[in-house]
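Novice: Quick one: structure below, then a few questions.
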Amino acid sequence: MSLRSPALLRPLLCTVALSTPLLATAQDQEAAPGVQAGITIGATTGAYAHYDDKPLVVPALAWQGKRFFASPGSLGMHLYKADGLRVSAVVTPYTLRFKTDDVNDAQLRRLHSRQMSAMAGVNAEYKADWGVVAASVQREVSGHGGGMESSLHYSYPIQAGRFTWVPRVGVVHSSARLLDYYYGISNEEALRSGLAAYRPGSATSPSLQIAVSTPLGSKWRATGVVANQWFGDAVKDSPMTRDGSQTSAFISLMRAF
């Protein structure tokens, strides 16, 4: 399969941005013309200690225009497109959250909940015969600390019969302000919970992801994604975490119109 065939790549990755920040890759591929709609079901484990991880079920929509585009979890505008290079301005969700009602630990239940955030920034992607390189820089814009996150990823689509496989490796760098909102413990929370106060620094985390997609007739396409991110020390040292990594798995069904 040619890496310059976006009509196949977009349905494969259009659900990924709905998962954890690790998987925010939907905008890295150019959409086929027209509208695609469906549903995405997924879950993430390991982000927090003693946490009851619940599945996320959301509707999914993708659309591509001449200048603007939308996908499950992103809205964007193309800034530059030429010779395999594409630069876009995007708004995406940062879907990590911590709800005290879902915590099975008395001390952690006395912390404040952490909500999903909105991120805005710039993505750049270069596609060639040897693979796809994607980079992004985004800032939190929903009032949860205003931190930054940047990423660099490499992927290579592989066609095997009716299945398209896309392995993807990369690194994600998160600022101290962003991590403080999701993994920090304030002095007030420390007094109330008995946990140690904690202010994380910035962290760089490697990631590995595999996505697979197959058509189901002429209109439908099924996609599965499994990914793992290994936490940097700033996250691993937080009293809110237990494991050194988080794993996400998502399945989607999309229909073209």
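Residue numbers start at 1 in each chain; chains themselves are named A, B, ... in the order of the structure tokens; ligands are numbered from 1 in the order shown.
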Residues within 8 Å of Ser252 in chain A, please, as number ranges by chain. Count only C-alpha atoms; anything in the same chain fewer than 2 positions from it doesn't count.

Specialist: A: 15, 38-41, 222-224, 250, 254

Novice: Show me, as a PyMOL selection string, the residues that have an atom within 12 Å of range 100-109 of chain A when counting only C-alpha atoms, minus same-chain residues fewer than 5 positions from it.

Specialist: chain A and resi 47-54+114-115+183-185+189-196+238-242

Novice: Can you work out which one of A:Lys219, A:Arg177, A:Arg139, A:Lys127 has the shortest atom-to-atom distance to Ala89 in chain A, counting only C-alpha atoms?

Specialist: A:Arg139

Novice: Between A:Ser202, A:Thr164, A:Asn123, A:Ser175, which residue has the minimum interatomic distance to Gly145 in chain A, considering only C-alpha atoms?

Specialist: A:Ser175

Novice: Which one is closest to Thr247 in chain A: A:His112, A:Trp63, A:Thr44, A:Glu125? Count only C-alpha atoms.

Specialist: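 Using only C-alpha atoms, Thr247 in chain A sits closest to A:Thr44.
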
Novice: Which one of A:Ala211, A:Ile158, A:Leu111, A:Val122 sits closest to Ala134 in chain A if you count only C-alpha atoms?

Specialist: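 Comparing A:Ala211, A:Ile158, A:Leu111, A:Val122 against Ala134 in chain A, the winner is A:Val122.
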
Novice: Excluding Leu79 in chain A and its own-chain neighbours fewer than 4 positions away, which residues fall within 12 Å of it when counting only C-alpha atoms? Please give them as a list in words.

Specialist: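 The filter keeps Lys66, Arg67, Phe68, Phe69, Leu85, Arg86, Val87, Ser88, Ala89, Val90, Gly121, Val122, Asn123, Ala124 and Glu125 of chain A.
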
Novice: Among range 44-237 of chain A, which ones does DSSP assign to strand (DSSP E or B) (computed from the backbone)? Answer as JSON, numbers by chain.

Specialist: {"A": [44, 45, 51, 56, 57, 58, 59, 60, 61, 62, 63, 64, 68, 69, 70, 71, 74, 75, 76, 77, 78, 79, 80, 81, 82, 85, 86, 87, 88, 89, 90, 91, 92, 93, 94, 98, 103, 114, 117, 118, 119, 120, 121, 122, 123, 124, 125, 126, 127, 128, 131, 132, 133, 134, 135, 136, 137, 138, 139, 140, 148, 149, 150, 151, 152, 153, 154, 155, 158, 159, 160, 163, 164, 165, 166, 167, 168, 169, 170, 171, 172, 173, 174, 185, 198, 203, 204, 205, 206, 207, 208, 209, 210, 211, 212, 213, 214, 215, 216, 220, 221, 222, 223, 224, 225, 226, 227, 228, 229, 230]}

Novice: Which residue gives the smallest distance to Gln229 in chain A among A:Ser142, A:Ser186, A:Thr45, A:Ser71, with only C-alpha atoms counted?

Specialist: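 That would be A:Thr45, the residue with the smallest distance to Gln229 in chain A.
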
Novice: Determine the nearest neighbour of Ser207 in chain A from the options A:Ala135, A:Val171, A:Leu179, A:Ala234, counting only C-alpha atoms.

Specialist: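 Looking only at the distances to Ser207 in chain A, the closest residue turns out to be A:Val171.
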
Novice: Mind checking DSSP for range 83-196 of chain A and telling me the alpha helix (DSSP H) residues as a list of chain:residue names?

Specialist: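 Restricting range 83-196 of chain A to alpha helix (DSSP H) produces A:Ala176, A:Arg177, A:Leu178, A:Leu179, A:Asp180, A:Tyr181, A:Tyr182, A:Tyr183, A:Asn187, A:Glu188, A:Glu189, A:Ala190, A:Leu191, A:Arg192, A:Ser193.
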
Novice: Could you please determine the separation between CA of Arg255 in chain A and CA of Pro157 in chain A in Å, to one decimal place?

Specialist: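 Pair CA of Arg255 in chain A / CA of Pro157 in chain A returns 21.2 Å.
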
Novice: Excluding Gly244 in chain A and residues on its chain fewer than 4 positions from it, collect all residues at most 9 Å away from it, counting only C-alpha atoms, and give them as a ChimeraX atom specification.

Specialist: /A:46-47,229-233,235-236
